[in-house]
Amino acid sequence: MRRRWVKVLAITVVVLAVLFTIADRVAVYYADKEATHLAAEKYGYQNTTDGHLDVSIEGFPFLTQALSQTFDHVKLTAGQFTIDTTNNAQGGYLTVKQLQLDLHGVQVTSLTARSAEANLATGTLTLSYDALSGVVTRLAGNGGPIRISQAPGSTGQAARVKVTGTVGGRELNSTGTLLAQGTEISLNLPGAQQPTATWRVQLPENVGFTEARAASDGVRISVVGHLVNLGSSRFTR
C-alpha cells in the first residue's frame with residue numbers, strides 16, 4: 001500500500017511539473033508577443049515589408065520572474081528596417097541589416113503604463129556595405145554607382161571605409177569615415193568638408209554608440225546603455 005501511494009505521489013508531482021512548464025511556456029509566448037508589439041510601436045523597427053522584430057524574455061521559470069516584476073535577461077533582435085537622414089534628404093533612407101540588444105536586470109516599473117527599466121543594455125548594430133553603397137549613390141545623384149567596402153584603420157567610434165566610383169565626373173578611390181556617436185551615424189566621404197549624410201537611430205533612453213569598426217560583412221557599431229528607460233510612450237529626440 002505504501003509503495004502504491006509513493007508511486008501515485010511521484011506521478012502527481014511529474015504531472016504538476018509538466019502542467020506548470022506548459023503554463024509557463026504559454027505565458028512567456030504571449031508576453032513575448034506583447035513586448036514585440038510594444039517595441040514595434042515605440043521604436044519603429046518594423047517599418048518595411050521585409051522588416052522583422054523579435055523580443056524574447058529569457059530564463060525559466062517566466063512566471064516566477066513575472067510575479068517579482070523583474071527579468072534577468074530580455075533579448076531584442078530587429079533587422080531590415082530603415083532609418084532616414086536627419087534632414088529627410090530625398091532618397092536618404094538607410095537600411096539597417098541587424099540590431100541586437102541584450103537588456104539585463106529589467107524591472108517593470110508600471111503595469112498600467114507598461115513601462116520598464118534595465119540596469120544594463122549591450123548590443124550591436126550592423127550596416128551592410130550594399131546598403132551604404134546604395135544610399136551614397138542615391139544621394140550623389142550625378143555619376144556612376146559609388147561602392148563602399150571594408151578598409152583598415154577603424155579606431156574608437158570611427159570606422160574607416162573604402163570609397164570607389166565616380167561623382168560629377170571625378171573618380172573616387174580613397175577612404176572615408178563612418179562616425180557613430182550618441183544615437184547618430186555620420187558618413188564622411190573623401191574631400192568633403194561636411195558629412196555626406198547623418199542618420200538618427202531610435203534607441204531606448206540612455207543607450208548610445210560606443211565603438212564602430214569595418215568588418216568583412218559590414219560596419220558593426222557597439223551599443224551600450226546604463227539605467228535604461230523603456231518607457232511606454234514613443235521615444236523621440
# chains A, B, ... in the order shown; residues from 1 in each chain; ligands from 1
call {"tool": "select_by_dssp", "arguments": {"residues": "range 28-68 of chain A", "states": "helix (DSSP H, G or I)", "output": "ChimeraX atom specification"}}
result
/A:28-43,62-68
call {"tool": "residues_around", "arguments": {"residues": "Ala118 in chain A", "least_positions_apart": "4", "cutoff": "9 Å", "atoms": "only C-alpha atoms", "output": "list in words"}}
result
Leu103, His104, Gly105, Val106, Gln107, Val108, Gly225, His226, Leu227, Val228, Asn229 and Leu230 of chain A
call {"tool": "select_by_dssp", "arguments": {"residues": "range 21-179 of chain A", "states": "strand (DSSP E or B)", "output": "count of residues only"}}
result
74
call {"tool": "residues_around", "arguments": {"residues": "range 198-202 of chain A", "least_positions_apart": "4", "cutoff": "6 Å", "atoms": "only C-alpha atoms", "output": "MDAnalysis selection string"}}
result
chainID A and resid 43 84:86 183:186
call {"tool": "atom_distance", "arguments": {"atom1": "CA of Arg147 in chain A", "atom2": "CA of Val161 in chain A"}}
result
9.8 Å
call {"tool": "closest_residue", "arguments": {"among": "A:Leu179, A:Val55, A:Val74, A:Leu127", "to": "His37 in chain A", "atoms": "only C-alpha atoms"}}
result
A:Val55
call {"tool": "residues_around", "arguments": {"residues": "Arg213 in chain A", "least_positions_apart": "5", "cutoff": "12 Å", "atoms": "only C-alpha atoms", "output": "list in words"}}
result
Thr124, Leu125, Thr126, Leu127, Ser149, Gln150, Ala151, Pro152, Gly153, Ser154, Thr155, Gly156, Gln157, Ala158, Ala159, Arg160, Val161, Thr177, Leu178, Leu179, Ala180, Gly218, Val219, Arg220, Ile221 and Ser222 of chain A
call {"tool": "write_last_selection", "arguments": {"atoms": "N, CA, C and O atoms", "output": "tab-separated table (two decimals), in the first residue's frame"}}
result
chain	number	residue	atom	x	y	z
A	124	THR	N	24.67	45.28	-30.67
A	124	THR	CA	25.40	45.61	-31.89
A	124	THR	C	24.41	46.01	-32.98
A	124	THR	O	23.36	45.37	-33.14
A	125	LEU	N	24.75	47.04	-33.72
A	125	LEU	CA	24.00	47.45	-34.91
A	125	LEU	C	24.91	47.23	-36.11
A	125	LEU	O	26.06	47.68	-36.11
A	126	THR	N	24.40	46.54	-37.13
A	126	THR	CA	25.20	46.22	-38.31
A	126	THR	C	24.62	46.86	-39.56
A	126	THR	O	23.41	46.75	-39.81
A	127	LEU	N	25.47	47.53	-40.32
A	127	LEU	CA	25.10	48.13	-41.61
A	127	LEU	C	25.86	47.41	-42.72
A	127	LEU	O	27.09	47.28	-42.65
A	149	SER	N	33.17	49.82	-49.13
A	149	SER	CA	33.66	48.50	-48.73
A	149	SER	C	34.58	48.63	-47.52
A	149	SER	O	34.85	49.74	-47.05
A	150	GLN	N	35.08	47.53	-47.05
A	150	GLN	CA	35.90	47.49	-45.85
A	150	GLN	C	37.26	48.13	-46.10
A	150	GLN	O	37.86	47.98	-47.17
A	151	ALA	N	37.73	48.88	-45.09
A	151	ALA	CA	39.07	49.46	-45.14
A	151	ALA	C	39.70	49.32	-43.76
A	151	ALA	O	39.00	49.30	-42.75
A	152	PRO	N	41.02	49.21	-43.69
A	152	PRO	CA	41.68	49.12	-42.39
A	152	PRO	C	41.74	50.47	-41.70
A	152	PRO	O	41.55	51.51	-42.33
A	153	GLY	N	42.00	50.45	-40.40
A	153	GLY	CA	42.24	51.70	-39.68
A	153	GLY	C	41.11	52.18	-38.79
A	153	GLY	O	41.16	53.32	-38.32
A	154	SER	N	40.08	51.36	-38.55
A	154	SER	CA	38.99	51.79	-37.65
A	154	SER	C	39.55	52.02	-36.25
A	154	SER	O	40.38	51.26	-35.77
A	155	THR	N	39.07	53.08	-35.62
A	155	THR	CA	39.52	53.37	-34.27
A	155	THR	C	38.41	54.05	-33.48
A	155	THR	O	37.74	54.97	-33.99
A	156	GLY	N	38.17	53.62	-32.26
A	156	GLY	CA	37.15	54.22	-31.42
A	156	GLY	C	35.77	54.18	-32.06
A	156	GLY	O	35.29	53.12	-32.47
A	157	GLN	N	35.15	55.32	-32.20
A	157	GLN	CA	33.81	55.42	-32.78
A	157	GLN	C	33.83	55.75	-34.27
A	157	GLN	O	32.79	56.05	-34.85
A	158	ALA	N	35.02	55.66	-34.89
A	158	ALA	CA	35.17	55.97	-36.31
A	158	ALA	C	35.58	54.72	-37.08
A	158	ALA	O	36.66	54.16	-36.83
A	159	ALA	N	34.74	54.27	-37.99
A	159	ALA	CA	35.05	53.13	-38.85
A	159	ALA	C	35.54	53.65	-40.19
A	159	ALA	O	34.90	54.51	-40.81
A	160	ARG	N	36.65	53.13	-40.66
A	160	ARG	CA	37.20	53.54	-41.94
A	160	ARG	C	36.64	52.65	-43.04
A	160	ARG	O	36.60	51.43	-42.91
A	161	VAL	N	36.21	53.28	-44.14
A	161	VAL	CA	35.63	52.53	-45.25
A	161	VAL	C	36.29	52.97	-46.56
A	161	VAL	O	36.70	54.12	-46.72
A	177	THR	N	35.05	57.95	-43.67
A	177	THR	CA	34.85	57.63	-42.25
A	177	THR	C	33.38	57.57	-41.91
A	177	THR	O	32.61	58.48	-42.28
A	178	LEU	N	32.98	56.52	-41.25
A	178	LEU	CA	31.63	56.42	-40.69
A	178	LEU	C	31.76	56.60	-39.19
A	178	LEU	O	32.41	55.80	-38.51
A	179	LEU	N	31.16	57.67	-38.69
A	179	LEU	CA	31.28	58.04	-37.28
A	179	LEU	C	29.97	57.73	-36.56
A	179	LEU	O	28.89	58.12	-37.02
A	180	ALA	N	30.06	57.03	-35.44
A	180	ALA	CA	28.89	56.67	-34.64
A	180	ALA	C	29.01	57.29	-33.25
A	180	ALA	O	29.85	56.87	-32.46
A	218	GLY	N	30.24	44.07	-43.05
A	218	GLY	CA	29.61	45.38	-42.90
A	218	GLY	C	30.22	46.16	-41.76
A	218	GLY	O	31.18	45.71	-41.12
A	219	VAL	N	29.67	47.33	-41.49
A	219	VAL	CA	30.13	48.14	-40.36
A	219	VAL	C	29.37	47.73	-39.12
A	219	VAL	O	28.13	47.72	-39.10
A	220	ARG	N	30.09	47.36	-38.09
A	220	ARG	CA	29.48	46.94	-36.82
A	220	ARG	C	29.67	48.03	-35.78
A	220	ARG	O	30.80	48.48	-35.53
A	221	ILE	N	28.57	48.42	-35.17
A	221	ILE	CA	28.57	49.51	-34.20
A	221	ILE	C	28.13	48.95	-32.84
A	221	ILE	O	27.04	48.37	-32.72
A	222	SER	N	28.98	49.11	-31.84
A	222	SER	CA	28.65	48.62	-30.50
A	222	SER	C	27.69	49.57	-29.80
A	222	SER	O	27.80	50.80	-29.94
call {"tool": "atom_distance", "arguments": {"atom1": "CA of Phe81 in chain A", "atom2": "CA of Pro145 in chain A"}}
result
22.7 Å
call {"tool": "closest_residue", "arguments": {"among": "A:Leu189, A:Leu63, A:Val163, A:Leu99", "to": "Tyr129 in chain A", "atoms": "only C-alpha atoms"}}
result
A:Val163
call {"tool": "closest_residue", "arguments": {"among": "A:Val167, A:Leu38, A:Thr95, A:Thr70", "to": "Asp50 in chain A", "atoms": "only C-alpha atoms"}}
result
A:Thr95
call {"tool": "atom_distance", "arguments": {"atom1": "CA of Lys162 in chain A", "atom2": "CA of Asn142 in chain A"}}
result
19.3 Å
call {"tool": "residues_around", "arguments": {"residues": "Ala39 in chain A", "least_positions_apart": "2", "cutoff": "10 Å", "atoms": "only C-alpha atoms", "output": "PyMOL selection string"}}
result
chain A and resi 33-37+41-46+53-55+76+78+204+230+232+234
call {"tool": "write_last_selection", "arguments": {"atoms": "all heavy atoms", "output": "compact mmCIF listing (two decimals), in the first residue's frame"}}
result
# COMPACT_ATOMS: atom_id res chain seq x y z
N LYS A 33 5.08 38.20 -27.41
CA LYS A 33 4.31 38.84 -28.47
C LYS A 33 3.93 40.27 -28.09
O LYS A 33 4.01 41.19 -28.91
CB LYS A 33 3.06 38.02 -28.78
CG LYS A 33 3.30 36.73 -29.54
CD LYS A 33 2.01 36.07 -29.96
CE LYS A 33 1.23 36.92 -30.93
NZ LYS A 33 0.00 36.24 -31.43
N GLU A 34 3.50 40.45 -26.84
CA GLU A 34 3.10 41.79 -26.39
C GLU A 34 4.31 42.72 -26.35
O GLU A 34 4.22 43.88 -26.77
CB GLU A 34 2.47 41.69 -24.99
CG GLU A 34 2.10 43.02 -24.36
CD GLU A 34 1.01 43.78 -25.11
OE1 GLU A 34 0.37 43.18 -26.01
OE2 GLU A 34 0.79 44.96 -24.80
N ALA A 35 5.46 42.21 -25.87
CA ALA A 35 6.66 43.03 -25.82
C ALA A 35 7.14 43.41 -27.22
O ALA A 35 7.58 44.54 -27.46
CB ALA A 35 7.77 42.28 -25.08
N THR A 36 7.02 42.49 -28.16
CA THR A 36 7.40 42.76 -29.54
C THR A 36 6.50 43.84 -30.14
O THR A 36 6.97 44.76 -30.83
CB THR A 36 7.30 41.47 -30.39
OG1 THR A 36 8.21 40.50 -29.86
CG2 THR A 36 7.66 41.75 -31.84
N HIS A 37 5.20 43.75 -29.86
CA HIS A 37 4.25 44.75 -30.35
C HIS A 37 4.59 46.13 -29.79
O HIS A 37 4.58 47.13 -30.53
CB HIS A 37 2.83 44.34 -29.96
CG HIS A 37 1.80 45.41 -30.23
ND1 HIS A 37 1.36 45.70 -31.51
CD2 HIS A 37 1.15 46.26 -29.40
CE1 HIS A 37 0.48 46.68 -31.45
NE2 HIS A 37 0.33 47.04 -30.19
N GLU A 41 5.86 49.48 -31.90
CA GLU A 41 5.10 50.72 -31.79
C GLU A 41 5.98 51.87 -31.31
O GLU A 41 5.86 53.01 -31.77
CB GLU A 41 3.94 50.51 -30.81
CG GLU A 41 3.03 51.69 -30.64
CD GLU A 41 1.93 51.41 -29.62
OE1 GLU A 41 2.24 51.38 -28.41
OE2 GLU A 41 0.78 51.18 -30.02
N LYS A 42 6.90 51.56 -30.42
CA LYS A 42 7.72 52.60 -29.79
C LYS A 42 8.92 53.02 -30.62
O LYS A 42 9.23 54.21 -30.74
CB LYS A 42 8.20 52.08 -28.43
CG LYS A 42 9.02 53.05 -27.61
CD LYS A 42 9.35 52.41 -26.28
CE LYS A 42 10.28 53.29 -25.45
NZ LYS A 42 9.69 54.59 -25.13
N TYR A 43 9.60 52.05 -31.24
CA TYR A 43 10.87 52.35 -31.91
C TYR A 43 10.81 52.23 -33.43
O TYR A 43 11.77 52.58 -34.10
CB TYR A 43 11.97 51.45 -31.36
CG TYR A 43 12.15 51.58 -29.87
CD1 TYR A 43 11.82 50.55 -29.01
CD2 TYR A 43 12.64 52.77 -29.33
CE1 TYR A 43 11.97 50.68 -27.64
CE2 TYR A 43 12.80 52.91 -27.96
CZ TYR A 43 12.46 51.86 -27.12
OH TYR A 43 12.60 52.01 -25.77
N GLY A 44 9.72 51.70 -33.99
CA GLY A 44 9.58 51.65 -35.44
C GLY A 44 10.52 50.70 -36.13
O GLY A 44 10.99 50.98 -37.25
N TYR A 45 10.84 49.56 -35.50
CA TYR A 45 11.78 48.63 -36.08
C TYR A 45 11.15 47.70 -37.13
O TYR A 45 11.83 46.79 -37.62
CB TYR A 45 12.43 47.77 -35.00
CG TYR A 45 13.30 48.54 -34.02
CD1 TYR A 45 13.50 48.09 -32.72
CD2 TYR A 45 13.95 49.72 -34.41
CE1 TYR A 45 14.31 48.79 -31.84
CE2 TYR A 45 14.75 50.42 -33.53
CZ TYR A 45 14.93 49.95 -32.24
OH TYR A 45 15.73 50.64 -31.37
N GLN A 46 9.89 47.88 -37.45
CA GLN A 46 9.23 47.08 -38.48
C GLN A 46 8.58 47.99 -39.52
O GLN A 46 7.44 47.79 -39.90
CB GLN A 46 8.17 46.15 -37.86
CG GLN A 46 8.73 44.89 -37.21
CD GLN A 46 7.63 43.99 -36.67
OE1 GLN A 46 6.73 44.45 -35.96
NE2 GLN A 46 7.71 42.72 -36.99
N LEU A 53 11.18 41.80 -36.30
CA LEU A 53 11.44 42.19 -34.92
C LEU A 53 11.00 41.07 -34.00
O LEU A 53 9.93 40.48 -34.19
CB LEU A 53 10.68 43.48 -34.57
CG LEU A 53 10.67 43.93 -33.11
CD1 LEU A 53 12.07 44.29 -32.66
CD2 LEU A 53 9.73 45.12 -32.92
N ASP A 54 11.83 40.76 -33.02
CA ASP A 54 11.50 39.72 -32.06
C ASP A 54 12.03 40.13 -30.68
O ASP A 54 13.20 40.51 -30.56
CB ASP A 54 12.11 38.38 -32.48
CG ASP A 54 11.82 37.28 -31.46
OD1 ASP A 54 10.65 36.87 -31.35
OD2 ASP A 54 12.75 36.84 -30.76
N VAL A 55 11.16 40.07 -29.68
CA VAL A 55 11.57 40.30 -28.30
C VAL A 55 11.36 38.99 -27.54
O VAL A 55 10.27 38.41 -27.58
CB VAL A 55 10.76 41.43 -27.64
CG1 VAL A 55 11.18 41.60 -26.18
CG2 VAL A 55 10.95 42.74 -28.40
N LEU A 76 16.29 41.60 -27.65
CA LEU A 76 15.58 42.21 -28.77
C LEU A 76 16.44 42.07 -30.03
O LEU A 76 17.62 42.44 -30.03
CB LEU A 76 15.29 43.69 -28.50
CG LEU A 76 14.51 44.46 -29.57
CD1 LEU A 76 13.67 45.57 -28.93
CD2 LEU A 76 15.44 45.08 -30.63
N ALA A 78 16.18 42.91 -34.25
CA ALA A 78 15.43 43.53 -35.34
C ALA A 78 16.34 43.60 -36.56
O ALA A 78 17.57 43.59 -36.46
CB ALA A 78 14.96 44.92 -34.95
N PRO A 204 16.50 53.02 -27.02
CA PRO A 204 15.97 53.34 -25.69
C PRO A 204 16.77 54.45 -25.02
O PRO A 204 17.96 54.64 -25.31
CB PRO A 204 16.13 52.01 -24.93
CG PRO A 204 16.11 50.96 -25.99
CD PRO A 204 16.80 51.59 -27.17
N LEU A 230 12.81 52.21 -20.47
CA LEU A 230 11.99 51.59 -21.52
C LEU A 230 10.55 52.06 -21.35
O LEU A 230 9.64 51.26 -21.19
CB LEU A 230 12.08 50.06 -21.43
CG LEU A 230 13.50 49.48 -21.51
CD1 LEU A 230 13.49 48.02 -21.11
CD2 LEU A 230 14.04 49.64 -22.92
N SER A 232 6.74 53.73 -21.87
CA SER A 232 5.67 53.27 -22.73
C SER A 232 5.41 54.19 -23.93
O SER A 232 4.88 53.75 -24.94
CB SER A 232 4.36 53.13 -21.94
OG SER A 232 4.01 54.37 -21.35
N ARG A 234 6.27 56.64 -27.21
CA ARG A 234 7.24 56.56 -28.28
C ARG A 234 8.39 57.52 -27.99
O ARG A 234 8.17 58.69 -27.72
CB ARG A 234 6.60 56.88 -29.63
CG ARG A 234 7.56 56.68 -30.81
CD ARG A 234 6.85 56.94 -32.12
NE ARG A 234 7.74 56.78 -33.25
CZ ARG A 234 8.04 55.62 -33.83
NH1 ARG A 234 7.50 54.51 -33.35
NH2 ARG A 234 8.84 55.53 -34.86
call {"tool": "closest_residue", "arguments": {"among": "A:Asn188, A:Asn88, A:Ile146, A:Gly123", "to": "Asn173 in chain A", "atoms": "only C-alpha atoms"}}
result
A:Ile146
call {"tool": "decode", "arguments": {"residues": "range 214-226 of chain A", "atoms": "all heavy atoms", "output": "mmCIF file, in the first residue's frame"}}
result
data_model
loop_
_atom_site.group_PDB
_atom_site.id
_atom_site.type_symbol
_atom_site.label_atom_id
_atom_site.label_comp_id
_atom_site.auth_asym_id
_atom_site.auth_seq_id
_atom_site.Cartn_x
_atom_site.Cartn_y
_atom_site.Cartn_z
ATOM 1 N N ALA A 214 34.919 48.571 -39.214
ATOM 2 C CA ALA A 214 34.598 47.974 -40.504
ATOM 3 C C ALA A 214 34.983 46.502 -40.469
ATOM 4 O O ALA A 214 36.159 46.167 -40.313
ATOM 5 C CB ALA A 214 35.338 48.710 -41.619
ATOM 6 N N ALA A 215 33.988 45.627 -40.595
ATOM 7 C CA ALA A 215 34.218 44.184 -40.612
ATOM 8 C C ALA A 215 33.979 43.659 -42.023
ATOM 9 O O ALA A 215 33.584 44.400 -42.925
ATOM 10 C CB ALA A 215 33.300 43.487 -39.611
ATOM 11 N N SER A 216 34.211 42.374 -42.222
ATOM 12 C CA SER A 216 34.073 41.805 -43.555
ATOM 13 C C SER A 216 32.630 41.823 -44.055
ATOM 14 O O SER A 216 32.382 41.928 -45.259
ATOM 15 C CB SER A 216 34.595 40.364 -43.558
ATOM 16 O OG SER A 216 33.876 39.567 -42.616
ATOM 17 N N ASP A 217 31.651 41.736 -43.141
ATOM 18 C CA ASP A 217 30.238 41.676 -43.544
ATOM 19 C C ASP A 217 29.521 43.013 -43.426
ATOM 20 O O ASP A 217 28.316 43.091 -43.658
ATOM 21 C CB ASP A 217 29.498 40.624 -42.718
ATOM 22 C CG ASP A 217 29.505 40.944 -41.225
ATOM 23 O OD1 ASP A 217 30.378 41.718 -40.788
ATOM 24 O OD2 ASP A 217 28.630 40.426 -40.503
ATOM 25 N N GLY A 218 30.238 44.067 -43.047
ATOM 26 C CA GLY A 218 29.610 45.376 -42.904
ATOM 27 C C GLY A 218 30.223 46.157 -41.759
ATOM 28 O O GLY A 218 31.179 45.714 -41.120
ATOM 29 N N VAL A 219 29.675 47.330 -41.486
ATOM 30 C CA VAL A 219 30.135 48.141 -40.360
ATOM 31 C C VAL A 219 29.370 47.727 -39.115
ATOM 32 O O VAL A 219 28.135 47.725 -39.104
ATOM 33 C CB VAL A 219 29.923 49.636 -40.639
ATOM 34 C CG1 VAL A 219 30.336 50.466 -39.423
ATOM 35 C CG2 VAL A 219 30.724 50.074 -41.858
ATOM 36 N N ARG A 220 30.093 47.364 -38.086
ATOM 37 C CA ARG A 220 29.484 46.940 -36.825
ATOM 38 C C ARG A 220 29.674 48.030 -35.777
ATOM 39 O O ARG A 220 30.797 48.478 -35.530
ATOM 40 C CB ARG A 220 30.106 45.629 -36.336
ATOM 41 C CG ARG A 220 29.852 44.445 -37.267
ATOM 42 C CD ARG A 220 30.431 43.175 -36.685
ATOM 43 N NE ARG A 220 30.234 42.035 -37.575
ATOM 44 C CZ ARG A 220 30.672 40.808 -37.312
ATOM 45 N NH1 ARG A 220 31.351 40.576 -36.182
ATOM 46 N NH2 ARG A 220 30.468 39.829 -38.160
ATOM 47 N N ILE A 221 28.565 48.424 -35.171
ATOM 48 C CA ILE A 221 28.570 49.508 -34.198
ATOM 49 C C ILE A 221 28.128 48.952 -32.842
ATOM 50 O O ILE A 221 27.045 48.375 -32.719
ATOM 51 C CB ILE A 221 27.631 50.649 -34.633
ATOM 52 C CG1 ILE A 221 28.045 51.167 -36.011
ATOM 53 C CG2 ILE A 221 27.623 51.767 -33.605
ATOM 54 C CD1 ILE A 221 27.061 52.161 -36.606
ATOM 55 N N SER A 222 28.981 49.105 -31.840
ATOM 56 C CA SER A 222 28.653 48.621 -30.496
ATOM 57 C C SER A 222 27.695 49.575 -29.799
ATOM 58 O O SER A 222 27.799 50.799 -29.941
ATOM 59 C CB SER A 222 29.925 48.467 -29.652
ATOM 60 O OG SER A 222 30.796 47.516 -30.233
ATOM 61 N N VAL A 223 26.757 49.003 -29.036
ATOM 62 C CA VAL A 223 25.717 49.764 -28.348
ATOM 63 C C VAL A 223 25.771 49.424 -26.860
ATOM 64 O O VAL A 223 25.803 48.247 -26.492
ATOM 65 C CB VAL A 223 24.324 49.410 -28.902
ATOM 66 C CG1 VAL A 223 23.241 50.209 -28.188
ATOM 67 C CG2 VAL A 223 24.263 49.671 -30.402
ATOM 68 N N VAL A 224 25.790 50.444 -26.011
ATOM 69 C CA VAL A 224 25.837 50.240 -24.560
ATOM 70 C C VAL A 224 24.948 51.276 -23.878
ATOM 71 O O VAL A 224 24.856 52.425 -24.339
ATOM 72 C CB VAL A 224 27.277 50.344 -24.008
ATOM 73 C CG1 VAL A 224 27.280 50.258 -22.478
ATOM 74 C CG2 VAL A 224 28.168 49.252 -24.576
ATOM 75 N N GLY A 225 24.293 50.872 -22.786
ATOM 76 C CA GLY A 225 23.496 51.811 -22.006
ATOM 77 C C GLY A 225 23.389 51.364 -20.562
ATOM 78 O O GLY A 225 23.409 50.161 -20.274
ATOM 79 N N HIS A 226 23.283 52.309 -19.650
ATOM 80 C CA HIS A 226 23.113 52.025 -18.222
ATOM 81 C C HIS A 226 21.869 52.749 -17.717
ATOM 82 O O HIS A 226 21.554 53.847 -18.168
ATOM 83 C CB HIS A 226 24.337 52.472 -17.431
ATOM 84 C CG HIS A 226 25.609 51.776 -17.823
ATOM 85 N ND1 HIS A 226 25.975 50.552 -17.316
ATOM 86 C CD2 HIS A 226 26.588 52.136 -18.698
ATOM 87 C CE1 HIS A 226 27.132 50.182 -17.837
ATOM 88 N NE2 HIS A 226 27.529 51.128 -18.686
#
